[in-house]
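Raw start-v6.pdb, PDB, C-alpha atoms:
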ATOM      1  CA  MET A   3       0.000   0.000   0.000  1.00  0.00           C
ATOM      2  CA  PRO A   4       1.340   3.498  -0.823  1.00  0.00           C
ATOM      3  CA  ARG A   5       2.899   5.225   2.188  1.00  0.00           C
ATOM      4  CA  SER A   6       0.933   8.350   1.309  1.00  0.00           C
ATOM      5  CA  HIS A   7      -2.090   6.746   3.006  1.00  0.00           C
ATOM      6  CA  PHE A   8      -0.246   6.071   6.279  1.00  0.00           C
ATOM      7  CA  PRO A   9      -0.740   9.501   7.957  1.00  0.00           C
ATOM      8  CA  GLU A  10      -4.480   9.423   7.260  1.00  0.00           C
ATOM      9  CA  ILE A  11      -4.854   5.957   8.758  1.00  0.00           C
ATOM     10  CA  ARG A  12      -2.689   6.949  11.732  1.00  0.00           C
ATOM     11  CA  THR A  13      -5.272   9.602  12.629  1.00  0.00           C
ATOM     12  CA  LEU A  14      -7.687   6.839  13.676  1.00  0.00           C
ATOM     13  CA  GLU A  15      -7.674   6.343  17.447  1.00  0.00           C
ATOM     14  CA  LEU A  16      -7.249   2.644  16.779  1.00  0.00           C
ATOM     15  CA  PHE A  17      -3.763   3.191  15.305  1.00  0.00           C
ATOM     16  CA  GLN A  18      -2.625   6.484  16.853  1.00  0.00           C
ATOM     17  CA  ALA A  19      -0.544   5.257  19.787  1.00  0.00           C
ATOM     18  CA  MET A  20       0.598   1.798  18.687  1.00  0.00           C
ATOM     19  CA  GLN A  21       4.275   1.098  18.132  1.00  0.00           C
ATOM     20  CA  GLU A  22       5.577   2.308  14.780  1.00  0.00           C
ATOM     21  CA  ASP A  23       7.066  -1.034  13.780  1.00  0.00           C
ATOM     22  CA  HIS A  24       3.772  -2.781  14.541  1.00  0.00           C
ATOM     23  CA  PHE A  25       1.859  -0.216  12.502  1.00  0.00           C
ATOM     24  CA  LEU A  26       4.235  -0.676   9.579  1.00  0.00           C
ATOM     25  CA  SER A  27       3.865  -4.428   9.898  1.00  0.00           C
ATOM     26  CA  LEU A  28       0.083  -4.062   9.511  1.00  0.00           C
ATOM     27  CA  MET A  29       0.424  -1.728   6.550  1.00  0.00           C
ATOM     28  CA  ARG A  30       2.904  -3.974   4.727  1.00  0.00           C
ATOM     29  CA  GLY A  31       0.297  -6.697   4.437  1.00  0.00           C
ATOM     30  CA  SER A  32      -2.498  -4.289   3.520  1.00  0.00           C
ATOM     31  CA  TYR A  33      -3.639  -2.879   0.214  1.00  0.00           C
ATOM     32  CA  VAL A  34      -5.884  -0.068  -0.952  1.00  0.00           C
ATOM     33  CA  GLN A  35      -8.561  -0.426  -3.595  1.00  0.00           C
ATOM     34  CA  ASN A  36     -11.025   1.900  -5.323  1.00  0.00           C
ATOM     35  CA  PHE A  37     -14.615   0.703  -5.691  1.00  0.00           C
ATOM     36  CA  PRO A  38     -17.464   2.147  -7.769  1.00  0.00           C
ATOM     37  CA  PRO A  39     -20.898   2.755  -6.192  1.00  0.00           C
ATOM     38  CA  GLN A  40     -23.181  -0.144  -5.232  1.00  0.00           C
ATOM     39  CA  ILE A  41     -20.430  -2.742  -4.997  1.00  0.00           C
ATOM     40  CA  GLU A  42     -20.818  -5.370  -2.260  1.00  0.00           C
ATOM     41  CA  LEU A  43     -17.607  -5.504  -0.250  1.00  0.00           C
ATOM     42  CA  ILE A  44     -18.534  -8.242   2.209  1.00  0.00           C
ATOM     43  CA  ASN A  45     -21.462 -10.616   2.737  1.00  0.00           C
ATOM     44  CA  GLU A  46     -22.864 -11.576   6.121  1.00  0.00           C
ATOM     45  CA  GLY A  47     -21.912 -15.114   7.034  1.00  0.00           C
ATOM     46  CA  ASP A  48     -18.593 -14.981   5.157  1.00  0.00           C
ATOM     47  CA  PRO A  49     -15.294 -15.374   7.042  1.00  0.00           C
ATOM     48  CA  SER A  50     -13.850 -12.080   8.290  1.00  0.00           C
ATOM     49  CA  ASP A  51     -10.676 -12.087   6.210  1.00  0.00           C
ATOM     50  CA  PHE A  52     -10.050  -8.323   6.335  1.00  0.00           C
ATOM     51  CA  LEU A  53     -10.514  -5.303   8.525  1.00  0.00           C
ATOM     52  CA  HIS A  54     -11.796  -2.543   6.236  1.00  0.00           C
ATOM     53  CA  ILE A  55     -10.902   1.130   6.551  1.00  0.00           C
ATOM     54  CA  VAL A  56     -12.936   3.702   4.618  1.00  0.00           C
ATOM     55  CA  VAL A  57     -10.610   6.524   3.529  1.00  0.00           C
ATOM     56  CA  SER A  58     -12.976   8.162   1.022  1.00  0.00           C
ATOM     57  CA  GLY A  59     -16.601   7.741  -0.028  1.00  0.00           C
ATOM     58  CA  SER A  60     -19.167   5.989   2.174  1.00  0.00           C
ATOM     59  CA  VAL A  61     -20.324   2.453   2.906  1.00  0.00           C
ATOM     60  CA  ASP A  62     -23.727   1.070   3.875  1.00  0.00           C
ATOM     61  CA  LEU A  63     -23.784  -1.745   6.445  1.00  0.00           C
ATOM     62  CA  PHE A  64     -26.931  -3.805   5.979  1.00  0.00           C
ATOM     63  CA  SER A  65     -28.473  -7.171   6.771  1.00  0.00           C
ATOM     64  CA  THR A  66     -31.035  -9.435   5.142  1.00  0.00           C
ATOM     65  CA  TRP A  67     -33.377 -12.168   6.346  1.00  0.00           C
ATOM     66  CA  ASN A  68     -36.298 -14.003   4.766  1.00  0.00           C
ATOM     67  CA  GLY A  69     -36.439 -11.663   1.776  1.00  0.00           C
ATOM     68  CA  ARG A  70     -36.211  -8.514   3.902  1.00  0.00           C
ATOM     69  CA  GLU A  71     -33.354  -6.038   4.122  1.00  0.00           C
ATOM     70  CA  THR A  72     -32.479  -3.386   6.681  1.00  0.00           C
ATOM     71  CA  SER A  73     -29.812  -0.705   6.813  1.00  0.00           C
ATOM     72  CA  MET A  74     -27.749  -0.930  10.011  1.00  0.00           C
ATOM     73  CA  ALA A  75     -25.307   1.984   9.708  1.00  0.00           C
ATOM     74  CA  THR A  76     -23.424   4.223   7.295  1.00  0.00           C
ATOM     75  CA  VAL A  77     -19.633   4.353   7.517  1.00  0.00           C
ATOM     76  CA  HIS A  78     -17.854   7.587   6.585  1.00  0.00           C
ATOM     77  CA  PRO A  79     -14.116   8.387   6.319  1.00  0.00           C
ATOM     78  CA  VAL A  80     -11.881   7.784   8.091  1.00  0.00           C
ATOM     79  CA  SER A  81     -13.208   4.783  10.021  1.00  0.00           C
ATOM     80  CA  THR A  82     -13.119   0.998  10.217  1.00  0.00           C
ATOM     81  CA  PHE A  83     -15.629  -1.826   9.863  1.00  0.00           C
ATOM     82  CA  ILE A  84     -16.245  -4.601  11.058  1.00  0.00           C
ATOM     83  CA  LEU A  85     -13.737  -4.823  13.928  1.00  0.00           C
ATOM     84  CA  ALA A  86     -15.490  -7.341  16.202  1.00  0.00           C
ATOM     85  CA  ALA A  87     -15.561 -10.054  13.536  1.00  0.00           C
ATOM     86  CA  THR A  88     -11.868  -9.486  12.843  1.00  0.00           C
ATOM     87  CA  ILE A  89     -10.850  -9.867  16.491  1.00  0.00           C
ATOM     88  CA  LYS A  90     -13.071 -12.896  17.137  1.00  0.00           C
ATOM     89  CA  ASP A  91     -12.134 -14.549  13.821  1.00  0.00           C
ATOM     90  CA  ALA A  92     -15.885 -14.973  13.364  1.00  0.00           C
ATOM     91  CA  PRO A  93     -18.216 -14.624  10.353  1.00  0.00           C
ATOM     92  CA  TYR A  94     -19.456 -11.170   9.405  1.00  0.00           C
ATOM     93  CA  LEU A  95     -22.869 -10.381  10.928  1.00  0.00           C
ATOM     94  CA  MET A  96     -23.538  -7.656   8.361  1.00  0.00           C
ATOM     95  CA  SER A  97     -22.984  -7.092   4.677  1.00  0.00           C
ATOM     96  CA  ALA A  98     -21.432  -3.921   3.266  1.00  0.00           C
ATOM     97  CA  ARG A  99     -21.700  -2.064  -0.029  1.00  0.00           C
ATOM     98  CA  THR A 100     -20.394   1.225  -1.323  1.00  0.00           C
ATOM     99  CA  LEU A 101     -22.855   4.091  -1.594  1.00  0.00           C
ATOM    100  CA  GLU A 102     -20.568   6.122  -3.845  1.00  0.00           C
ATOM    101  CA  LYS A 103     -17.112   5.816  -5.332  1.00  0.00           C
ATOM    102  CA  SER A 104     -14.995   4.788  -2.346  1.00  0.00           C
ATOM    103  CA  ARG A 105     -11.393   4.063  -1.461  1.00  0.00           C
ATOM    104  CA  ILE A 106     -11.029   1.204   1.005  1.00  0.00           C
ATOM    105  CA  VAL A 107      -7.951  -0.089   2.808  1.00  0.00           C
ATOM    106  CA  LEU A 108      -8.024  -3.832   3.500  1.00  0.00           C
ATOM    107  CA  VAL A 109      -5.942  -5.062   6.428  1.00  0.00           C
ATOM    108  CA  PRO A 110      -5.639  -8.867   6.787  1.00  0.00           C
ATOM    109  CA  SER A 111      -7.503  -9.948   9.912  1.00  0.00           C
ATOM    110  CA  GLN A 112      -4.826 -12.432  10.897  1.00  0.00           C
ATOM    111  CA  ASP A 113      -2.275  -9.591  10.994  1.00  0.00           C
ATOM    112  CA  VAL A 114      -4.579  -7.504  13.188  1.00  0.00           C
ATOM    113  CA  ARG A 115      -4.951 -10.395  15.641  1.00  0.00           C
ATOM    114  CA  ALA A 116      -1.201 -11.022  15.652  1.00  0.00           C
ATOM    115  CA  VAL A 117      -0.395  -7.395  16.524  1.00  0.00           C
ATOM    116  CA  PHE A 118      -3.234  -7.370  19.078  1.00  0.00           C
ATOM    117  CA  ASP A 119      -1.362 -10.120  20.963  1.00  0.00           C
ATOM    118  CA  ILE A 120       1.952  -8.237  21.158  1.00  0.00           C
ATOM    119  CA  ASP A 121       1.067  -4.528  21.306  1.00  0.00           C
ATOM    120  CA  PRO A 122      -0.796  -3.655  24.550  1.00  0.00           C
ATOM    121  CA  VAL A 123      -1.487  -0.081  23.433  1.00  0.00           C
ATOM    122  CA  PHE A 124      -3.084  -1.313  20.212  1.00  0.00           C
ATOM    123  CA  ALA A 125      -5.043  -3.914  22.196  1.00  0.00           C
ATOM    124  CA  HIS A 126      -6.291  -1.204  24.572  1.00  0.00           C
ATOM    125  CA  ALA A 127      -7.427   0.928  21.608  1.00  0.00           C
ATOM    126  CA  ILE A 128      -9.306  -2.042  20.134  1.00  0.00           C
ATOM    127  CA  VAL A 129     -11.068  -2.727  23.450  1.00  0.00           C
ATOM    128  CA  ALA A 130     -12.022   0.967  23.689  1.00  0.00           C
ATOM    129  CA  GLU A 131     -13.440   0.981  20.154  1.00  0.00           C
ATOM    130  CA  LEU A 132     -15.394  -2.231  20.714  1.00  0.00           C
ATOM    131  CA  ALA A 133     -16.777  -0.780  23.956  1.00  0.00           C
ATOM    132  CA  GLN A 134     -17.914   2.311  22.052  1.00  0.00           C
ATOM    133  CA  CYS A 135     -19.547   0.114  19.411  1.00  0.00           C
ATOM    134  CA  TYR A 136     -21.348  -1.854  22.135  1.00  0.00           C
ATOM    135  CA  ARG A 137     -22.684   1.334  23.702  1.00  0.00           C
ATOM    136  CA  SER A 138     -23.892   2.508  20.292  1.00  0.00           C
ATOM    137  CA  VAL A 139     -25.757  -0.770  19.799  1.00  0.00           C
ATOM    138  CA  VAL A 140     -27.423  -0.376  23.216  1.00  0.00           C
ATOM    139  CA  LYS A 141     -28.523   3.172  22.318  1.00  0.00           C
ATOM    140  CA  THR A 142     -29.871   2.040  18.956  1.00  0.00           C
ATOM    141  CA  THR A 143     -31.802  -0.785  20.633  1.00  0.00           C
ATOM    142  CA  LYS A 144     -33.267   1.613  23.206  1.00  0.00           C
ATOM    143  CA  ASN A 145     -34.289   3.958  20.401  1.00  0.00           C
ATOM    144  CA  LEU A 146     -36.106   1.145  18.571  1.00  0.00           C
ATOM    145  CA  LYS A 147     -37.760  -0.411  21.633  1.00  0.00           C
ATOM    146  CA  LEU A 148     -38.721   2.641  23.693  1.00  0.00           C
ATOM    147  CA  ARG A 149     -39.907   5.070  21.020  1.00  0.00           C
ATOM    148  CA  THR A 150     -42.707   5.171  18.498  1.00  0.00           C
ATOM    149  CA  SER A 151     -41.839   5.585  14.834  1.00  0.00           C
ATOM    150  CA  LEU A 152     -42.818   9.262  15.028  1.00  0.00           C
ATOM    151  CA  GLU A 153     -40.533   9.795  18.049  1.00  0.00           C
ATOM    152  CA  ARG A 154     -37.653   7.993  16.317  1.00  0.00           C
ATOM    153  CA  LEU A 155     -37.964  10.220  13.262  1.00  0.00           C
ATOM    154  CA  ALA A 156     -38.230  13.395  15.379  1.00  0.00           C
ATOM    155  CA  ASN A 157     -35.068  12.551  17.300  1.00  0.00           C
ATOM    156  CA  TYR A 158     -33.234  11.574  14.114  1.00  0.00           C
ATOM    157  CA  LEU A 159     -34.029  14.999  12.665  1.00  0.00           C
ATOM    158  CA  LEU A 160     -32.806  16.707  15.837  1.00  0.00           C
ATOM    159  CA  ARG A 161     -29.526  14.761  15.622  1.00  0.00           C
ATOM    160  CA  GLN A 162     -29.124  15.765  11.978  1.00  0.00           C
ATOM    161  CA  GLN A 163     -29.835  19.365  12.920  1.00  0.00           C
ATOM    162  CA  THR A 164     -27.014  19.177  15.464  1.00  0.00           C
ATOM    163  CA  HIS A 165     -24.668  17.963  12.708  1.00  0.00           C
ATOM    164  CA  ALA A 166     -25.839  20.967  10.664  1.00  0.00           C
ATOM    165  CA  GLU A 167     -24.706  23.248  13.516  1.00  0.00           C
ATOM    166  CA  GLY A 168     -28.249  23.910  14.658  1.00  0.00           C
ATOM    167  CA  ALA A 169     -29.530  25.322  11.368  1.00  0.00           C
ATOM    168  CA  ALA A 170     -33.307  25.536  11.034  1.00  0.00           C
ATOM    169  CA  GLU A 171     -33.001  24.172   7.472  1.00  0.00           C
ATOM    170  CA  PHE A 172     -30.785  21.286   6.438  1.00  0.00           C
ATOM    171  CA  ASP A 173     -30.626  18.321   4.059  1.00  0.00           C
ATOM    172  CA  LEU A 174     -31.388  14.722   4.944  1.00  0.00           C
ATOM    173  CA  ALA A 175     -28.099  12.827   5.146  1.00  0.00           C
ATOM    174  CA  ILE A 176     -29.421   9.697   3.416  1.00  0.00           C
ATOM    175  CA  GLU A 177     -32.139   8.858   0.902  1.00  0.00           C
ATOM    176  CA  LYS A 178     -35.600   8.330   2.385  1.00  0.00           C
ATOM    177  CA  ARG A 179     -35.752   4.608   1.567  1.00  0.00           C
ATOM    178  CA  ARG A 180     -32.579   3.957   3.561  1.00  0.00           C
ATOM    179  CA  LEU A 181     -33.710   6.297   6.333  1.00  0.00           C
ATOM    180  CA  ALA A 182     -36.925   4.307   6.710  1.00  0.00           C
ATOM    181  CA  SER A 183     -34.915   1.085   6.926  1.00  0.00           C
ATOM    182  CA  PHE A 184     -32.501   2.563   9.472  1.00  0.00           C
ATOM    183  CA  LEU A 185     -35.394   3.717  11.685  1.00  0.00           C
ATOM    184  CA  GLY A 186     -37.186   0.358  11.471  1.00  0.00           C
ATOM    185  CA  MET A 187     -40.001   1.653   9.275  1.00  0.00           C
ATOM    186  CA  THR A 188     -41.422   1.056   5.838  1.00  0.00           C
ATOM    187  CA  PRO A 189     -41.168   3.879   3.266  1.00  0.00           C
ATOM    188  CA  GLU A 190     -44.928   4.326   3.561  1.00  0.00           C
ATOM    189  CA  ASN A 191     -44.721   4.673   7.343  1.00  0.00           C
ATOM    190  CA  LEU A 192     -41.884   7.166   6.978  1.00  0.00           C
ATOM    191  CA  SER A 193     -43.998   9.280   4.639  1.00  0.00           C
ATOM    192  CA  ARG A 194     -46.844   9.258   7.166  1.00  0.00           C
ATOM    193  CA  ALA A 195     -44.411  10.099   9.977  1.00  0.00           C
ATOM    194  CA  PHE A 196     -43.117  13.154   8.098  1.00  0.00           C
ATOM    195  CA  LYS A 197     -46.723  14.301   7.716  1.00  0.00           C
ATOM    196  CA  GLY A 198     -47.312  13.653  11.412  1.00  0.00           C
ATOM    197  CA  LEU A 199     -44.421  15.937  12.361  1.00  0.00           C
ATOM    198  CA  ARG A 200     -45.985  18.909  10.573  1.00  0.00           C
ATOM    199  CA  ALA A 201     -47.943  19.528  13.770  1.00  0.00           C
ATOM    200  CA  TYR A 202     -44.592  20.095  15.526  1.00  0.00           C
ATOM    201  CA  GLY A 203     -43.181  22.559  13.034  1.00  0.00           C
ATOM    202  CA  VAL A 204     -41.406  20.192  10.612  1.00  0.00           C
ATOM    203  CA  GLU A 205     -41.710  20.709   6.863  1.00  0.00           C
ATOM    204  CA  VAL A 206     -40.033  18.410   4.356  1.00  0.00           C
ATOM    205  CA  GLU A 207     -39.673  18.952   0.628  1.00  0.00           C
ATOM    206  CA  GLY A 208     -37.526  16.385  -1.134  1.00  0.00           C
ATOM    207  CA  ILE A 209     -34.372  16.153   0.951  1.00  0.00           C
ATOM    208  CA  LYS A 210     -34.840  19.629   2.472  1.00  0.00           C
ATOM    209  CA  VAL A 211     -35.984  19.754   6.105  1.00  0.00           C
ATOM    210  CA  HIS A 212     -37.183  22.967   7.760  1.00  0.00           C
ATOM    211  CA  ILE A 213     -37.908  23.197  11.485  1.00  0.00           C
ATOM    212  CA  SER A 214     -40.046  26.228  12.266  1.00  0.00           C
ATOM    213  CA  ASP A 215     -40.869  25.447  15.913  1.00  0.00           C
ATOM    214  CA  GLN A 216     -37.760  24.147  17.652  1.00  0.00           C
ATOM    215  CA  GLN A 217     -39.221  24.089  21.164  1.00  0.00           C
ATOM    216  CA  ASP A 218     -42.383  22.253  20.156  1.00  0.00           C
ATOM    217  CA  LEU A 219     -40.400  19.581  18.300  1.00  0.00           C
ATOM    218  CA  GLU A 220     -38.061  19.087  21.262  1.00  0.00           C
ATOM    219  CA  ARG A 221     -40.973  18.872  23.713  1.00  0.00           C
ATOM    220  CA  PHE A 222     -42.459  16.111  21.587  1.00  0.00           C
ATOM    221  CA  ALA A 223     -39.207  14.255  20.853  1.00  0.00           C
ATOM    222  CA  LYS A 224     -37.766  14.432  24.402  1.00  0.00           C
ATOM    223  CA  PRO A 225     -34.159  13.825  23.228  1.00  0.00           C
ATOM    224  CA  SER A 226     -31.916  12.004  25.699  1.00  0.00           C
ATOM    225  CA  SER A 227     -28.125  11.899  25.758  1.00  0.00           C
ATOM    226  CA  LEU A 228     -28.403   8.278  26.964  1.00  0.00           C
ATOM    227  CA  ILE A 229     -30.005   7.378  23.632  1.00  0.00           C
ATOM    228  CA  ASP A 230     -29.100  10.063  21.119  1.00  0.00           C
ATOM    229  CA  ASP A 231     -25.501  11.028  21.915  1.00  0.00           C
ATOM    230  CA  TYR A 232     -23.385   8.445  20.102  1.00  0.00           C
ATOM    231  CA  SER A 233     -20.141  10.164  21.090  1.00  0.00           C
ATOM    232  CA  THR A 234     -20.239   8.923  24.699  1.00  0.00           C
TER     233      THR A 234
END

Translate this structure into structure tokens?
Amino acid sequence: MPRSHFPEIRTLELFQAMQEDHFLSLMRGSYVQNFPPQIELINEGDPSDFLHIVVSGSVDLFSTWNGRETSMATVHPVSTFILAATIKDAPYLMSARTLEKSRIVLVPSQDVRAVFDIDPVFAHAIVAELAQCYRSVVKTTKNLKLRTSLERLANYLLRQQTHAEGAAEFDLAIEKRRLASFLGMTPENLSRAFKGLRAYGVEVEGIKVHISDQQDLERFAKPSSLIDDYST
């Protein structure tokens, strides 16, 4: 893999503090590849041969069962997926496909496990990242189990507004079909939910969202840091 990618990968907390020779050992066995949109990178149930690092573009993590499909998460640069399968040497629990033209670094899983065994700082960083992933899963589960579809959509919009630095008008980050899947809804239910939020000052036209009554929306949504703050 070209050394020009090393500094970017080193910015990840996973690799920041590990020994230089161990980092170089991982990179020597790795390679970088460009993928066009809508290419499946991994399939759930397959062996976890590589740890993937997204350095440009974006990747959809999704799962299927009995003819149904759901979007689990979207991975943006610079970040890894799917670390738990790599460490456990277990099959992937999710599939992944590119959403746009993407550059992906592939690190052999066996090399990651080998360095995990000899570099305590790297091992500590992996444990910290897996702990963060676990907490995110708990928050997602609470969101799905404790809230109605209308409440889930309202809180999603408030989180997106935060990413837009609090602007009253912003764009949806993903297409509506994938948003419905991510929130555990059908596209039809999502459409009805958008209409239901008009009473709380939310107007949607295409991908444009406008919030005209911030306080009313927040009173309805009741956002909670123990569910909605994925940074902790």

- Task: Run the PyMOL selection byres ((chain A and resi 73) around 9) mentally over the shown coordinates, then write out the matched residues as a count of residues only, using the chain letters and numbers from the document.
- Result: 17

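The space between CA of Leu152 (chain A) and CA of Met96 (chain A) spans 26.5 Å.
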
Distance table requested - region 70-153 of chain A against region 221-228 of chain A, cut-off 12 Å, all atoms listed in the file: one row per qualifying residue with the closest atom pair and its distance in Å to one decimal, ordered by chain and rising residue number, as a tab-separated table.
residue	atom	partner	partner_atom	distance
A:Arg137	CA	A:Leu228	CA	9.6
A:Ser138	CA	A:Leu228	CA	9.9
A:Val139	CA	A:Leu228	CA	11.8
A:Val140	CA	A:Leu228	CA	9.5
A:Lys141	CA	A:Leu228	CA	6.9
A:Thr142	CA	A:Leu228	CA	10.3
A:Thr143	CA	A:Leu228	CA	11.6
A:Lys144	CA	A:Leu228	CA	9.1
A:Asn145	CA	A:Leu228	CA	9.8
A:Leu148	CA	A:Ser226	CA	11.7
A:Arg149	CA	A:Ala223	CA	9.2
A:Thr150	CA	A:Ala223	CA	10.0
A:Ser151	CA	A:Ala223	CA	10.9
A:Leu152	CA	A:Ala223	CA	8.5
A:Glu153	CA	A:Ala223	CA	5.4

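Among A:Val206, A:Leu146, A:Ala86, A:Ala169, the residue with the shortest atom-to-atom distance to Met187 (chain A), counting all atoms listed in the file, is A:Leu146.
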
- Message: Take the PyMOL selection byres ((chain A and resi 118) around 12), run it mentally on this structure, and tell me the resulting residues as a PyMOL selection string.
- Response: chain A and resi 16-17+20-21+24-25+27-28+85+88-90+111-117+119-129

- Item | Nearest residue to Val56 (chain A) from the set A:Arg70, A:Arg105, A:Arg12, A:Arg30 (distances using all atoms listed in the file) | A:Arg105

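For the pair CA of Tyr158 (chain A) and CA of Phe37 (chain A), the interatomic distance is 29.3 Å.
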
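Rounded to one decimal, CA of Phe196 (chain A) and CA of Lys147 (chain A) lie 19.9 Å from each other.
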
- Given the file shown, enumerate the residues that the PyMOL selection byres ((chain A and resi 14) around 10) captures and present them as JSON, numbers by chain. {"A": [9, 10, 11, 12, 13, 15, 16, 17, 18, 19, 55, 79, 80, 81, 82, 127]}

- Using all atoms listed in the file: which of A:Gly69, A:Gly198, A:Gly59, A:Pro49 has the shortest distance to Asn36 (chain A): A:Gly59

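Nearest residue to Lys103 (chain A), choosing from A:Leu26, A:Ala170, A:Val57, A:Leu219 and counting only C-alpha atoms: A:Val57.
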
- Hey, can you pull every residue with an atom no more than 10 Å from (-23.1, 9.0, -4.4), using only C-alpha atoms, and send it as a PyMOL selection string? chain A and resi 38-40+59-60+100-104

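Within 10 Å of Ala175 (chain A), once only C-alpha atoms are used and residues closer than 5 positions along the same chain are dropped, the contacting residues are A:Leu159, A:Gln162, A:His165, A:Leu181, A:Ile209, A:Lys210.
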
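Minimum atom-to-atom distances from A:Glu22, A:Glu171, A:Asp91, A:Asp48 to Asp215 (chain A) were compared using all atoms listed in the file, and the lowest value belongs to A:Glu171.
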
- Compare A:Leu108, A:Ala92, A:Arg5, A:Leu160 by their minimum atom-to-atom distance to Leu174 (chain A), counting all atoms listed in the file, and give me the closest one. A:Leu160

With 8 Å added on each side, what axis-aligned box encloses every listed atom of region 130-147 of chain A? Give the centre and edge lengths in Å to one decimal, as AutoDock Vina command-line options.
--center_x -24.9 --center_y 0.9 --center_z 21.3 --size_x 41.7 --size_y 22.2 --size_z 21.4

Using the structure block above, produce a file of region 121-127 of chain A that contains all heavy atoms, as a PDB file, in the first residue's frame.
ATOM      1  N   ASP A 121       1.019  -5.977  21.096  1.00  0.00           N
ATOM      2  CA  ASP A 121       1.067  -4.528  21.306  1.00  0.00           C
ATOM      3  C   ASP A 121      -0.058  -4.131  22.268  1.00  0.00           C
ATOM      4  O   ASP A 121      -1.212  -3.984  21.861  1.00  0.00           O
ATOM      5  CB  ASP A 121       0.899  -3.792  19.971  1.00  0.00           C
ATOM      6  CG  ASP A 121       1.190  -2.299  20.072  1.00  0.00           C
ATOM      7  OD1 ASP A 121       0.797  -1.689  21.099  1.00  0.00           O
ATOM      8  OD2 ASP A 121       1.793  -1.737  19.149  1.00  0.00           O
ATOM      9  N   PRO A 122       0.255  -3.944  23.571  1.00  0.00           N
ATOM     10  CA  PRO A 122      -0.796  -3.655  24.550  1.00  0.00           C
ATOM     11  C   PRO A 122      -1.524  -2.337  24.294  1.00  0.00           C
ATOM     12  O   PRO A 122      -2.709  -2.220  24.607  1.00  0.00           O
ATOM     13  CB  PRO A 122      -0.043  -3.625  25.880  1.00  0.00           C
ATOM     14  CG  PRO A 122       1.395  -3.409  25.522  1.00  0.00           C
ATOM     15  CD  PRO A 122       1.584  -4.047  24.195  1.00  0.00           C
ATOM     16  N   VAL A 123      -0.829  -1.362  23.715  1.00  0.00           N
ATOM     17  CA  VAL A 123      -1.487  -0.081  23.433  1.00  0.00           C
ATOM     18  C   VAL A 123      -2.514  -0.266  22.323  1.00  0.00           C
ATOM     19  O   VAL A 123      -3.642   0.262  22.394  1.00  0.00           O
ATOM     20  CB  VAL A 123      -0.444   0.985  23.043  1.00  0.00           C
ATOM     21  CG1 VAL A 123      -1.124   2.286  22.641  1.00  0.00           C
ATOM     22  CG2 VAL A 123       0.510   1.236  24.207  1.00  0.00           C
ATOM     23  N   PHE A 124      -2.153  -1.007  21.294  1.00  0.00           N
ATOM     24  CA  PHE A 124      -3.084  -1.313  20.212  1.00  0.00           C
ATOM     25  C   PHE A 124      -4.266  -2.122  20.745  1.00  0.00           C
ATOM     26  O   PHE A 124      -5.433  -1.855  20.397  1.00  0.00           O
ATOM     27  CB  PHE A 124      -2.352  -2.085  19.119  1.00  0.00           C
ATOM     28  CG  PHE A 124      -3.179  -2.450  17.925  1.00  0.00           C
ATOM     29  CD1 PHE A 124      -3.900  -1.479  17.233  1.00  0.00           C
ATOM     30  CD2 PHE A 124      -3.246  -3.770  17.475  1.00  0.00           C
ATOM     31  CE1 PHE A 124      -4.666  -1.808  16.111  1.00  0.00           C
ATOM     32  CE2 PHE A 124      -4.007  -4.107  16.360  1.00  0.00           C
ATOM     33  CZ  PHE A 124      -4.721  -3.125  15.687  1.00  0.00           C
ATOM     34  N   ALA A 125      -3.981  -3.098  21.612  1.00  0.00           N
ATOM     35  CA  ALA A 125      -5.043  -3.914  22.196  1.00  0.00           C
ATOM     36  C   ALA A 125      -6.001  -3.053  23.017  1.00  0.00           C
ATOM     37  O   ALA A 125      -7.227  -3.231  22.953  1.00  0.00           O
ATOM     38  CB  ALA A 125      -4.436  -5.015  23.065  1.00  0.00           C
ATOM     39  N   HIS A 126      -5.449  -2.099  23.773  1.00  0.00           N
ATOM     40  CA  HIS A 126      -6.291  -1.204  24.572  1.00  0.00           C
ATOM     41  C   HIS A 126      -7.188  -0.365  23.667  1.00  0.00           C
ATOM     42  O   HIS A 126      -8.381  -0.162  23.952  1.00  0.00           O
ATOM     43  CB  HIS A 126      -5.412  -0.304  25.438  1.00  0.00           C
ATOM     44  CG  HIS A 126      -6.186   0.607  26.332  1.00  0.00           C
ATOM     45  ND1 HIS A 126      -6.656   1.838  25.930  1.00  0.00           N
ATOM     46  CD2 HIS A 126      -6.581   0.464  27.629  1.00  0.00           C
ATOM     47  CE1 HIS A 126      -7.309   2.412  26.918  1.00  0.00           C
ATOM     48  NE2 HIS A 126      -7.280   1.604  27.962  1.00  0.00           N
ATOM     49  N   ALA A 127      -6.646   0.122  22.551  1.00  0.00           N
ATOM     50  CA  ALA A 127      -7.427   0.928  21.608  1.00  0.00           C
ATOM     51  C   ALA A 127      -8.547   0.102  20.984  1.00  0.00           C
ATOM     52  O   ALA A 127      -9.663   0.611  20.767  1.00  0.00           O
ATOM     53  CB  ALA A 127      -6.512   1.492  20.521  1.00  0.00           C
TER      54      ALA A 127
END
